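Down below is the structure, laid out as structure tokens.
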There are 2 protein chains.
Amino acid sequence: MIVQKYKDMLQAKSVIRQLSEFAVKRGAEIGYENVFDYSLGNPSVPVPQKFTDTMIELLQNKDPMELHGYSQSLGIPAVRDKVAASLNKRFGMQYTGNHIFMTTGAAGAIAHAVRCVSEPGDEILTFAPYFPEYGPYINLTGATLKVVPADTNNFQINFDEFEEMLTEKDAAVLINTPNNPSGTVYSTETIKKLTAIMARKQEEYGHDIFLISDEPYREIVFAGVDSPYPSKFYANTLSCYSFSKSLSLPGERIGYVAVNPECTDGDLIATMCSQISRGIGHNCPPSIIQLAVAEVLDITSDLSVYETNMNILYKELIDLGFECVKPGGTFYILPKALENDAVAFCEKAKKYDLIMVPCDTFGVKGYVRLAYCIETEKVERSLEALRKFVKSEY
Amino acid sequence: MIVQKYKDMLQAKSVIRQLSEFAVKRGAEIGYENVFDYSLGNPSVPVPQKFTDTMIELLQNKDPMELHGYSQSLGIPAVRDKVAASLNKRFGMQYTGNHIFMTTGAAGAIAHAVRCVSEPGDEILTFAPYFPEYGPYINLTGATLKVVPADTNNFQINFDEFEEMLTEKDAAVLINTPNNPSGTVYSTETIKKLTAIMARKQEEYGHDIFLISDEPYREIVFAGVDSPYPSKFYANTLSCYSFSKSLSLPGERIGYVAVNPECTDGDLIATMCSQISRGIGHNCPPSIIQLAVAEVLDITSDLSVYETNMNILYKELIDLGFECVKPGGTFYILPKALENDAVAFCEKAKKYDLIMVPCDTFGVKGYVRLAYCIETEKVERSLEALRKFVKSEY
């Protein structure tokens with residue numbers, strides 16, 4: 001019989017998608033270049049040429065049976081070795097290829113990490129503001145996502161609430177730094193405090209509490225911002241990475257889980273992930289994409305546009321009187337709406353062709369997200385619309 | 001805490017993998033060309049040049065942000081439309097793009113199809129001999145795989161057993177035709193009888209019983225063999241396809257679910273699949289691979305080598321006195337071992353550098369699988385070893 005749970009999910013249409021569809025529709029009327037579409041987190045700078053060249057080179061010169069043949073379900077061994085070496089060099093870790101499990105993006109990485117360390121009925125804590133897909137990511141495994149309220153002063157961590165909420169039922173804590181939607185990067189102080197509490201609670205409860213660190217924005221950190229590598233501070237860490245934003249290829253679905261070698265069963269977890277794959281139809285990311293990203297591990301797209309855009313937007317928002325924490329990375333900014341109802345606020349903004357996302361579903365009421373992964377020239381043109389909107393409506 | 005279930009699974013090492021590893025090791029000693037390695041179902045003919053050319057063309061000429069950008073989680077609309085049109089033309093179906101859900105291979109397709117129509121606690125029936133991965137594919141969803149014993153006369157369906165085993169608890173029947181490991185293709189008569197029983201039982205039990213048709217070998221059918229399209233015979237059919245074998249790109253993980261438009265909630269199932277994706281980290285196959293296969297939907301690799309190899313092997317096996325059903329497709333053949341213990345039989349064969357897979361884990365005791373997706377020249381050379389093995393040991 002058709003499973004009602006999934007049918008019911010069809011009723012809840014994503015706010016982001018609805019807004020993005022509106023933007024496209026409005027674009028058809030007035031030209032999309034005149035719609036200030038801040039709805040979607042789709043990178044706006046091209047993939048590095050070296051990725052493209054590597055793909056073409058593989059297609060032209062590698063034996064197609066080898067190129068397109070089955071890879072091991074953990075990923076291609078040489079690719080896993082290279083990922084480990086790159087992380088070791090950058091973050092002083094001790095990974096080997098055996099600690100790397102290649103996945104179809106961060107979504108695939110989280111799907112494996114969560115199943116590895118939690119059973120149905122367990123709880124997983126995360127912190128507001130948070131990427132709303134964490135709801136289905138976690139809850140559809142049978143575990144339950146619990147959200148620690150935001151510290152809206154700086155979008156670091158609300159530690160008092162966290163300590164109270166971290167109970168014996170918690171199998172893992174899921175963090176996302178640099179953060180979607182706030183753009184905040186957790187400081188070394190934050191990570192130290194977080195992991196100290198987790199270590200203490202592990203001891204107290206007598207069981208592991210894993211840190212699942214979702215890091216698709218790891219490479220988008222702005223000048224002077226302290227951006228520690230979480231796994232460095234806590235042995236029981238599974239780092240979930242995606243190349244979607246750093247290499248501008250979200251459609252190609254490529255990422256990995258990096259298992260801290262010092263964590264419980266550290267040498268088994270990657271192979272356990274390949275068992276999990278059998279139940280969820282994962283079966284490793286495409287060979288050619290694995291081979292191509294392995295050649296560009298230490299470079300990124302030109303990500304500087306995001307910082308440029310952030311500075312322009314942040315200044316204007318502050319000038320216009322918005323309450324707003326300055327992002328340390330990503331391509332998001334999360335100002336407080338000028339009225340309590342963020343949905344109403346975003347609805348009014350549409351009249352000025354400004355498309356922003358109300359963040360009630362991100363665990364913070366009254367805030368709106370602007371995804372500024374668009375051309376700088378368009379960000380600049382949007383300021384006039386923003387001014388007009390604020391002055392006319394508030 | 002580390003989930004024990006997945007840790008336990010690490011103990012059971014795949015028979016196929018062990019044999020394949022042995023073959024590689026032995027190859028290092030005597031040259032891999034002298035090991036008659038019939039262990040792995042990895043295609044032995046290259047991808048069509050048009051696929052490679054299309055990939056290169058996309059990389060060279062398409063805007064990289066569009067090429068590598070997020071696609072809808074159901075797959076790229078234009079790709080889904082093309083898949084529908086191709087199936088309609090070939091099989092006289094009435095699919096639209098809305099009935100096609102793009103997946104990471106057949107494993108991804110089955111992961112979605114099963115979750116769509118069965119709840120934990122339900123049963124799903126399949127028929128021996130069967131691909132052993134169906135065990136984890138089904139059981140890790142919380143449903144239970146039940147296996148109808150083989151009709152070893154012809155590896156069609158044991159209908160008496162089937163009727164008895166198809167109870168109210170069954171949510172779906174999973175078939176695989178052409179079949180791994182037997183090479184058998186279900187005839188029109190078989191499909192008609194199967195679907196008639198299912199239709200009757202649906203009526204009797206008052207709930208849907210879905211047919212999940214796993215078809216990665218659909219395009220490898222030998223001359224004169226009757227190979228009906230199952231969905232044509234039964235409205236409640238979800239066809240699961242993979243391009244791995246037809247285009248020789250198992251590593252690139254691309255396939256789809258095709259939802260019979262006449263089935264219950266036929267217009268909703270593909271979008272339900274995209275809800276399921278959120279829980280299992282699937283999130284659509286890579287954009288570039290979707291776009292490239294869409295250009296080669298109506299062609300295949302040169303698959304003729306498989307029929308050539310089958311004829312050579314089948315004749316020799318019969319000459320040597322094996323009991324063996326002649327395959328109608330795939331690149332597998334399933335003779336009965338010359339002793340009751342197929343594991344012992346395959347162990348002895350290793351002395352002659354013949355690598356065959358005992359099929360106890362495929363639901364038939366005493367049979368062995370030969371995957372003849374290797375060079376014809378090597379098949380021919382293997383005959384001498386086969387003769388020597390049989391004459392010396394039996």
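Identifiers in this document derive from the order of the structure tokens: chains are assigned A, B, ..., residues are numbered from 1 separately in each chain, and ligands are numbered from 1 in order of occurrence.
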Based on DSSP run over this structure's backbone, return all residues of stretch 339-375 of chain A in alpha helix (DSSP H), as a PyMOL selection string. chain A and resi 342-350
Kindly save the residues from that selection, with N, CA, C and O atoms included, as a tab-separated table (two decimals), in the first residue's frame.
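Saved file again.tsv follows:
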```
chain	number	residue	atom	x	y	z
A	342	ALA	N	7.80	37.55	10.23
A	342	ALA	CA	8.77	37.53	9.12
A	342	ALA	C	8.10	37.13	7.80
A	342	ALA	O	8.53	37.57	6.72
A	343	VAL	N	7.07	36.32	7.89
A	343	VAL	CA	6.36	35.91	6.67
A	343	VAL	C	5.69	37.12	6.03
A	343	VAL	O	5.81	37.36	4.81
A	344	ALA	N	5.02	37.90	6.85
A	344	ALA	CA	4.36	39.12	6.35
A	344	ALA	C	5.40	40.09	5.78
A	344	ALA	O	5.19	40.70	4.72
A	345	PHE	N	6.53	40.19	6.47
A	345	PHE	CA	7.62	41.07	6.04
A	345	PHE	C	8.10	40.68	4.63
A	345	PHE	O	8.23	41.51	3.74
A	346	CYS	N	8.33	39.39	4.44
A	346	CYS	CA	8.83	38.92	3.14
A	346	CYS	C	7.77	39.07	2.06
A	346	CYS	O	8.08	39.30	0.89
A	347	GLU	N	6.52	38.93	2.45
A	347	GLU	CA	5.42	39.08	1.51
A	347	GLU	C	5.38	40.53	1.00
A	347	GLU	O	5.25	40.76	-0.20
A	348	LYS	N	5.54	41.47	1.92
A	348	LYS	CA	5.55	42.89	1.51
A	348	LYS	C	6.76	43.19	0.61
A	348	LYS	O	6.67	43.94	-0.34
A	349	ALA	N	7.91	42.57	0.94
A	349	ALA	CA	9.13	42.82	0.17
A	349	ALA	C	8.97	42.42	-1.29
A	349	ALA	O	9.59	43.02	-2.19
A	350	LYS	N	8.13	41.42	-1.52
A	350	LYS	CA	7.93	40.95	-2.90
A	350	LYS	C	7.41	42.06	-3.81
A	350	LYS	O	7.70	42.09	-5.01
```
Just need the residues of chain B within 7 Å of chain A, counting only C-alpha atoms, so spit them out as a compact mmCIF listing (two decimals) with all heavy atoms, in the first residue's frame.
```txt
# COMPACT_ATOMS: atom_id res chain seq x y z
N MET B 1 25.77 6.23 20.27
CA MET B 1 26.53 4.98 20.34
C MET B 1 26.61 4.32 18.97
O MET B 1 25.68 4.47 18.16
CB MET B 1 25.83 4.03 21.31
CG MET B 1 26.02 4.45 22.76
SD MET B 1 24.61 3.96 23.77
CE MET B 1 23.32 5.07 23.20
N ILE B 2 27.67 3.64 18.73
CA ILE B 2 27.84 2.93 17.48
C ILE B 2 26.73 1.88 17.33
O ILE B 2 26.46 1.13 18.26
CB ILE B 2 29.21 2.21 17.47
CG1 ILE B 2 30.35 3.22 17.62
CG2 ILE B 2 29.38 1.35 16.24
CD1 ILE B 2 30.55 4.13 16.44
N VAL B 3 26.11 1.83 16.18
CA VAL B 3 24.97 0.93 16.00
C VAL B 3 25.47 -0.50 15.68
O VAL B 3 26.12 -0.74 14.66
CB VAL B 3 24.04 1.46 14.89
CG1 VAL B 3 22.95 0.45 14.57
CG2 VAL B 3 23.41 2.77 15.35
N TYR B 6 25.01 -2.62 12.20
CA TYR B 6 25.90 -2.42 11.05
C TYR B 6 27.29 -2.98 11.32
O TYR B 6 27.97 -3.45 10.40
CB TYR B 6 25.97 -0.93 10.67
CG TYR B 6 24.63 -0.39 10.24
CD1 TYR B 6 23.98 0.59 10.95
CD2 TYR B 6 24.01 -0.89 9.08
CE1 TYR B 6 22.74 1.08 10.55
CE2 TYR B 6 22.77 -0.40 8.68
CZ TYR B 6 22.15 0.58 9.42
OH TYR B 6 20.92 1.05 9.02
N LYS B 7 27.67 -2.93 12.59
CA LYS B 7 28.98 -3.50 12.96
C LYS B 7 28.94 -5.02 12.73
O LYS B 7 29.89 -5.59 12.20
CB LYS B 7 29.24 -3.18 14.44
CG LYS B 7 30.68 -3.00 14.79
CD LYS B 7 30.83 -2.34 16.15
CE LYS B 7 32.05 -2.85 16.87
NZ LYS B 7 32.15 -2.26 18.23
N MET B 9 27.23 -6.60 10.61
CA MET B 9 27.22 -6.92 9.17
C MET B 9 28.63 -7.03 8.60
O MET B 9 28.84 -7.65 7.56
CB MET B 9 26.42 -5.86 8.40
CG MET B 9 24.92 -5.97 8.58
SD MET B 9 24.00 -4.57 7.84
CE MET B 9 24.13 -4.97 6.08
N LEU B 10 29.59 -6.40 9.28
CA LEU B 10 30.96 -6.45 8.79
C LEU B 10 31.55 -7.85 8.85
O LEU B 10 32.50 -8.17 8.13
CB LEU B 10 31.86 -5.49 9.59
CG LEU B 10 31.47 -4.01 9.54
CD1 LEU B 10 32.41 -3.19 10.41
CD2 LEU B 10 31.52 -3.50 8.11
N ASN B 42 30.67 -7.13 -13.90
CA ASN B 42 31.12 -5.82 -14.36
C ASN B 42 31.19 -5.84 -15.89
O ASN B 42 31.89 -6.67 -16.46
CB ASN B 42 32.54 -5.57 -13.78
CG ASN B 42 32.71 -4.14 -13.31
OD1 ASN B 42 31.91 -3.26 -13.62
ND2 ASN B 42 33.76 -3.91 -12.55
N SER B 44 31.91 -5.76 -19.80
CA SER B 44 33.22 -5.91 -20.44
C SER B 44 33.30 -5.24 -21.80
O SER B 44 34.24 -5.48 -22.55
CB SER B 44 33.54 -7.40 -20.58
OG SER B 44 32.58 -8.02 -21.42
N PRO B 46 32.90 -1.34 -23.86
CA PRO B 46 32.92 0.08 -23.49
C PRO B 46 31.57 0.78 -23.68
O PRO B 46 30.72 0.32 -24.43
CB PRO B 46 33.99 0.67 -24.41
CG PRO B 46 34.11 -0.29 -25.54
CD PRO B 46 33.76 -1.64 -25.02
N VAL B 47 31.42 1.89 -22.97
CA VAL B 47 30.26 2.77 -23.12
C VAL B 47 30.20 3.24 -24.58
O VAL B 47 31.24 3.37 -25.23
CB VAL B 47 30.43 3.97 -22.14
CG1 VAL B 47 31.59 4.88 -22.55
CG2 VAL B 47 29.16 4.76 -21.97
N THR B 52 30.33 9.45 -24.31
CA THR B 52 31.58 10.17 -24.03
C THR B 52 31.59 11.52 -24.74
O THR B 52 31.92 12.55 -24.14
CB THR B 52 32.78 9.31 -24.49
OG1 THR B 52 32.66 8.04 -23.85
CG2 THR B 52 34.10 9.94 -24.10
N ILE B 56 31.74 15.33 -23.04
CA ILE B 56 32.77 16.32 -23.38
C ILE B 56 32.12 17.60 -23.91
O ILE B 56 32.48 18.71 -23.53
CB ILE B 56 33.77 15.73 -24.39
CG1 ILE B 56 34.57 14.60 -23.71
CG2 ILE B 56 34.70 16.81 -24.93
CD1 ILE B 56 35.48 13.81 -24.64
N LEU B 59 30.71 19.59 -21.09
CA LEU B 59 31.76 20.23 -20.31
C LEU B 59 32.36 21.42 -21.06
O LEU B 59 32.74 22.43 -20.45
CB LEU B 59 32.86 19.21 -19.97
CG LEU B 59 32.46 18.17 -18.92
CD1 LEU B 59 33.33 16.93 -19.01
CD2 LEU B 59 32.54 18.77 -17.51
N PRO B 64 28.79 26.40 -16.96
CA PRO B 64 29.07 25.48 -15.83
C PRO B 64 28.10 25.65 -14.66
O PRO B 64 27.82 24.69 -13.95
CB PRO B 64 30.51 25.82 -15.42
CG PRO B 64 30.82 27.12 -16.06
CD PRO B 64 29.96 27.23 -17.28
N MET B 65 27.59 26.85 -14.45
CA MET B 65 26.68 27.03 -13.32
C MET B 65 25.36 26.30 -13.59
O MET B 65 24.76 25.76 -12.67
CB MET B 65 26.40 28.51 -13.07
CG MET B 65 27.13 28.99 -11.84
SD MET B 65 28.50 30.04 -12.30
CE MET B 65 27.61 31.46 -12.88
N HIS B 68 26.33 22.27 -13.67
CA HIS B 68 26.62 21.64 -12.38
C HIS B 68 25.70 22.13 -11.26
O HIS B 68 25.93 21.83 -10.09
CB HIS B 68 28.07 21.91 -11.97
CG HIS B 68 29.09 21.45 -12.97
ND1 HIS B 68 29.17 20.14 -13.39
CD2 HIS B 68 30.08 22.12 -13.62
CE1 HIS B 68 30.18 20.03 -14.26
NE2 HIS B 68 30.74 21.21 -14.42
N GLY B 69 24.68 22.93 -11.61
CA GLY B 69 23.79 23.47 -10.58
C GLY B 69 22.84 22.41 -10.05
O GLY B 69 22.72 21.31 -10.60
N TYR B 70 22.16 22.76 -8.96
CA TYR B 70 21.16 21.85 -8.40
C TYR B 70 20.14 21.48 -9.47
O TYR B 70 19.67 22.34 -10.21
CB TYR B 70 20.39 22.53 -7.26
CG TYR B 70 21.10 22.55 -5.94
CD1 TYR B 70 21.52 23.74 -5.37
CD2 TYR B 70 21.32 21.37 -5.25
CE1 TYR B 70 22.17 23.77 -4.15
CE2 TYR B 70 21.98 21.39 -4.02
CZ TYR B 70 22.40 22.59 -3.48
OH TYR B 70 23.03 22.59 -2.27
N SER B 71 19.79 20.21 -9.55
CA SER B 71 18.61 19.86 -10.34
C SER B 71 17.48 19.59 -9.34
O SER B 71 17.71 19.45 -8.15
CB SER B 71 18.87 18.66 -11.23
OG SER B 71 18.71 17.44 -10.53
N ALA B 107 19.89 0.32 -7.43
CA ALA B 107 19.86 0.26 -5.96
C ALA B 107 19.08 1.46 -5.42
O ALA B 107 18.23 1.31 -4.53
CB ALA B 107 21.28 0.26 -5.40
N GLY B 108 19.35 2.62 -5.97
CA GLY B 108 18.61 3.82 -5.57
C GLY B 108 17.14 3.71 -5.94
O GLY B 108 16.26 4.12 -5.18
N ALA B 111 15.45 1.32 -3.51
CA ALA B 111 15.36 1.95 -2.18
C ALA B 111 14.13 2.85 -2.09
O ALA B 111 13.46 2.91 -1.06
CB ALA B 111 16.63 2.74 -1.88
N CYS B 116 8.16 3.46 -0.80
CA CYS B 116 6.92 4.06 -1.26
C CYS B 116 5.70 3.19 -0.96
O CYS B 116 4.62 3.71 -0.70
CB CYS B 116 7.01 4.22 -2.77
SG CYS B 116 6.48 5.80 -3.31
N VAL B 117 5.89 1.90 -1.01
CA VAL B 117 4.72 1.01 -0.96
C VAL B 117 4.75 0.02 0.20
O VAL B 117 3.85 -0.83 0.28
CB VAL B 117 4.55 0.24 -2.30
CG1 VAL B 117 4.36 1.21 -3.46
CG2 VAL B 117 5.72 -0.70 -2.57
N SER B 118 5.74 0.11 1.06
CA SER B 118 5.73 -0.81 2.21
C SER B 118 6.17 -0.11 3.48
O SER B 118 7.00 0.79 3.46
CB SER B 118 6.64 -2.01 1.96
OG SER B 118 8.01 -1.63 2.01
N GLU B 119 5.57 -0.54 4.58
CA GLU B 119 5.89 -0.01 5.91
C GLU B 119 6.75 -1.05 6.62
O GLU B 119 6.69 -2.24 6.30
CB GLU B 119 4.61 0.17 6.74
CG GLU B 119 3.55 0.99 6.09
CD GLU B 119 3.48 2.40 6.66
OE1 GLU B 119 4.43 2.79 7.39
OE2 GLU B 119 2.51 3.10 6.38
N PRO B 136 19.62 -7.08 2.24
CA PRO B 136 19.77 -5.77 2.89
C PRO B 136 18.91 -4.66 2.28
O PRO B 136 18.39 -3.82 3.01
CB PRO B 136 21.27 -5.46 2.74
CG PRO B 136 21.82 -6.48 1.80
CD PRO B 136 20.90 -7.65 1.80
N TYR B 137 18.75 -4.67 0.96
CA TYR B 137 17.92 -3.63 0.33
C TYR B 137 16.56 -3.57 1.01
O TYR B 137 16.04 -2.49 1.29
CB TYR B 137 17.67 -3.94 -1.16
CG TYR B 137 18.82 -3.68 -2.11
CD1 TYR B 137 20.08 -3.30 -1.68
CD2 TYR B 137 18.62 -3.81 -3.49
CE1 TYR B 137 21.11 -3.08 -2.59
CE2 TYR B 137 19.65 -3.59 -4.40
CZ TYR B 137 20.89 -3.23 -3.95
OH TYR B 137 21.89 -3.01 -4.85
N LEU B 140 16.65 -3.79 5.55
CA LEU B 140 17.09 -2.58 6.26
C LEU B 140 16.05 -1.45 6.18
O LEU B 140 16.18 -0.43 6.86
CB LEU B 140 18.44 -2.11 5.75
CG LEU B 140 19.64 -2.99 6.16
CD1 LEU B 140 20.94 -2.51 5.51
CD2 LEU B 140 19.83 -3.04 7.67
N THR B 141 15.00 -1.62 5.39
CA THR B 141 13.89 -0.64 5.42
C THR B 141 12.95 -0.95 6.58
O THR B 141 12.09 -0.15 6.90
CB THR B 141 13.03 -0.66 4.14
OG1 THR B 141 12.28 -1.88 4.09
CG2 THR B 141 13.87 -0.53 2.89
N ALA B 171 3.19 -6.51 0.80
CA ALA B 171 2.97 -5.19 0.21
C ALA B 171 3.39 -5.16 -1.25
O ALA B 171 2.88 -4.37 -2.03
CB ALA B 171 3.75 -4.14 0.99
N HIS B 207 -6.30 -4.68 -0.56
CA HIS B 207 -5.27 -3.64 -0.60
C HIS B 207 -4.34 -3.87 -1.78
O HIS B 207 -4.25 -4.97 -2.32
CB HIS B 207 -4.49 -3.56 0.72
CG HIS B 207 -3.63 -4.76 1.05
ND1 HIS B 207 -2.48 -5.06 0.36
CD2 HIS B 207 -3.77 -5.72 1.99
CE1 HIS B 207 -1.93 -6.15 0.87
NE2 HIS B 207 -2.70 -6.58 1.86
N ASP B 208 -3.65 -2.78 -2.14
CA ASP B 208 -2.71 -2.87 -3.26
C ASP B 208 -1.59 -3.85 -2.97
O ASP B 208 -1.10 -3.94 -1.84
CB ASP B 208 -2.04 -1.50 -3.49
CG ASP B 208 -3.01 -0.47 -4.05
OD1 ASP B 208 -3.89 -0.87 -4.84
OD2 ASP B 208 -2.89 0.71 -3.70
N ILE B 209 -1.21 -4.59 -3.99
CA ILE B 209 0.06 -5.34 -3.94
C ILE B 209 0.86 -4.87 -5.14
O ILE B 209 0.46 -5.08 -6.30
CB ILE B 209 -0.17 -6.86 -4.01
CG1 ILE B 209 -1.09 -7.32 -2.86
CG2 ILE B 209 1.16 -7.60 -3.95
CD1 ILE B 209 -1.51 -8.78 -2.96
N LEU B 249 28.20 1.50 -17.60
CA LEU B 249 28.73 2.51 -16.67
C LEU B 249 28.20 2.32 -15.25
O LEU B 249 27.64 3.25 -14.66
CB LEU B 249 28.52 3.95 -17.17
CG LEU B 249 27.33 4.31 -18.06
CD1 LEU B 249 26.08 4.30 -17.25
CD2 LEU B 249 27.56 5.67 -18.69
N PRO B 250 28.48 1.12 -14.70
CA PRO B 250 27.98 0.85 -13.35
C PRO B 250 28.52 1.80 -12.30
O PRO B 250 27.84 2.07 -11.30
CB PRO B 250 28.45 -0.59 -13.08
CG PRO B 250 29.62 -0.79 -13.99
CD PRO B 250 29.28 0.01 -15.22
N GLY B 251 29.71 2.34 -12.52
CA GLY B 251 30.30 3.25 -11.55
C GLY B 251 29.63 4.61 -11.52
O GLY B 251 29.80 5.37 -10.56
N GLU B 252 28.87 4.94 -12.58
CA GLU B 252 28.31 6.29 -12.63
C GLU B 252 26.94 6.41 -11.98
O GLU B 252 26.39 7.50 -11.85
CB GLU B 252 28.30 6.83 -14.07
CG GLU B 252 29.65 6.79 -14.79
CD GLU B 252 30.81 7.46 -14.02
OE1 GLU B 252 30.59 8.03 -12.95
OE2 GLU B 252 31.95 7.36 -14.52
N ARG B 253 26.38 5.29 -11.54
CA ARG B 253 25.19 5.31 -10.68
C ARG B 253 24.04 6.12 -11.27
O ARG B 253 23.69 7.19 -10.75
CB ARG B 253 25.52 5.84 -9.27
CG ARG B 253 26.81 5.36 -8.65
CD ARG B 253 26.94 3.86 -8.54
NE ARG B 253 25.77 3.28 -7.94
CZ ARG B 253 25.20 2.17 -8.37
NH1 ARG B 253 25.68 1.52 -9.42
NH2 ARG B 253 24.15 1.68 -7.78
N MET B 272 6.45 11.62 -4.30
CA MET B 272 6.65 10.94 -3.00
C MET B 272 8.08 10.43 -2.90
O MET B 272 8.70 10.49 -1.84
CB MET B 272 5.68 9.77 -2.85
CG MET B 272 4.27 10.16 -2.44
SD MET B 272 3.19 8.70 -2.40
CE MET B 272 3.98 7.73 -1.13
N GLN B 275 10.34 12.88 -1.57
CA GLN B 275 10.24 13.03 -0.10
C GLN B 275 11.08 11.94 0.58
O GLN B 275 11.77 12.21 1.56
CB GLN B 275 8.78 12.92 0.36
CG GLN B 275 7.86 13.99 -0.23
CD GLN B 275 8.31 15.40 0.09
OE1 GLN B 275 8.78 15.68 1.19
NE2 GLN B 275 8.22 16.29 -0.90
N ILE B 276 10.98 10.75 0.04
CA ILE B 276 11.79 9.64 0.60
C ILE B 276 13.27 9.98 0.53
O ILE B 276 14.03 9.74 1.47
CB ILE B 276 11.46 8.34 -0.17
CG1 ILE B 276 10.02 7.91 0.15
CG2 ILE B 276 12.46 7.24 0.16
CD1 ILE B 276 9.48 6.82 -0.75
N ARG B 278 14.74 12.68 0.95
CA ARG B 278 15.18 13.56 2.03
C ARG B 278 15.62 12.76 3.25
O ARG B 278 16.49 13.20 4.00
CB ARG B 278 14.05 14.51 2.42
CG ARG B 278 13.59 15.39 1.29
CD ARG B 278 12.27 16.05 1.58
NE ARG B 278 12.41 17.20 2.46
CZ ARG B 278 11.38 17.86 2.99
NH1 ARG B 278 10.14 17.47 2.74
NH2 ARG B 278 11.58 18.88 3.78
N GLY B 279 15.02 11.60 3.44
CA GLY B 279 15.37 10.78 4.60
C GLY B 279 16.55 9.85 4.37
O GLY B 279 17.14 9.35 5.32
N ILE B 280 16.90 9.61 3.12
CA ILE B 280 17.97 8.64 2.88
C ILE B 280 19.18 9.29 2.18
O ILE B 280 20.10 8.60 1.75
CB ILE B 280 17.48 7.40 2.09
CG1 ILE B 280 16.94 7.77 0.72
CG2 ILE B 280 16.42 6.65 2.90
CD1 ILE B 280 16.49 6.55 -0.11
N GLY B 281 19.17 10.60 2.10
CA GLY B 281 20.35 11.32 1.60
C GLY B 281 20.59 11.13 0.11
O GLY B 281 21.73 11.21 -0.35
N HIS B 282 19.54 10.91 -0.65
CA HIS B 282 19.70 10.58 -2.06
C HIS B 282 19.87 11.83 -2.90
O HIS B 282 20.91 12.07 -3.48
CB HIS B 282 18.49 9.77 -2.52
CG HIS B 282 18.50 9.39 -3.96
ND1 HIS B 282 18.03 10.21 -4.95
CD2 HIS B 282 18.92 8.27 -4.58
CE1 HIS B 282 18.16 9.59 -6.12
NE2 HIS B 282 18.71 8.43 -5.93
N PRO B 286 23.76 12.78 -10.31
CA PRO B 286 24.53 13.92 -10.81
C PRO B 286 23.94 14.50 -12.09
O PRO B 286 23.56 13.77 -13.01
CB PRO B 286 25.89 13.31 -11.10
CG PRO B 286 25.98 12.12 -10.25
CD PRO B 286 24.59 11.59 -10.11
N SER B 287 23.90 15.82 -12.15
CA SER B 287 23.31 16.53 -13.30
C SER B 287 23.95 16.12 -14.62
O SER B 287 23.25 15.81 -15.58
CB SER B 287 23.51 18.03 -13.15
OG SER B 287 23.14 18.46 -11.88
N ILE B 288 25.28 16.12 -14.65
CA ILE B 288 25.94 15.89 -15.94
C ILE B 288 25.66 14.48 -16.45
O ILE B 288 25.48 14.28 -17.66
CB ILE B 288 27.46 16.18 -15.87
CG1 ILE B 288 28.08 16.14 -17.26
CG2 ILE B 288 28.19 15.24 -14.93
CD1 ILE B 288 29.50 16.66 -17.34
```
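Minimum distance to A:Phe159 across A:Asn61, A:Thr308, A:Thr184, A:Thr190 (counting only C-alpha atoms) occurs at A:Thr190.
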Please extract the residues of stretch 47-157 of chain B with a backbone DSSP assignment of strand (DSSP E or B) and present them as an MDAnalysis selection string. chainID B and resid 100:103 123:127 144:148
Write out as number ranges by chain the residues lying within 8 Å of stretch 355-372 of chain B, counting only C-alpha atoms and excluding same-chain residues fewer than 5 positions away. B: 15-16, 19-20, 23, 35-41, 128-132, 147, 149-150, 181-182, 306, 309-310, 331-337, 339-343, 345-346, 349-350, 379
May I have the residues within 9 Å of B:Val259 as a PyMOL selection string, using only C-alpha atoms and disregarding those fewer than 4 positions away in the same chain? chain B and resi 95+98-101+231+236-240+263+266-267+269-270
Gap from atom CA of A:Met93 to atom CA of A:Pro228 - Å, one decimal: 12.5 Å
d(atom CA of A:Ile124, atom CA of A:Lys169) in Å: 8.4 Å
If I take atom CA of A:Gly329 and atom CA of A:Tyr234, how far is one from the other in Å, to one decimal?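 So the answer is 22.5 Å.
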Measuring between only C-alpha atoms, which one of B:Thr330, B:Ser301, B:Asn158, B:Asn34 shows the shortest distance to B:Ala385? B:Asn34
Residues near B:Gln156, cut-off 12 Å, only C-alpha atoms, skip fewer than 4 positions along chain, as a ChimeraX atom specification: /B:127-130,148-152,162,175-179,182-191,193-194,325-328
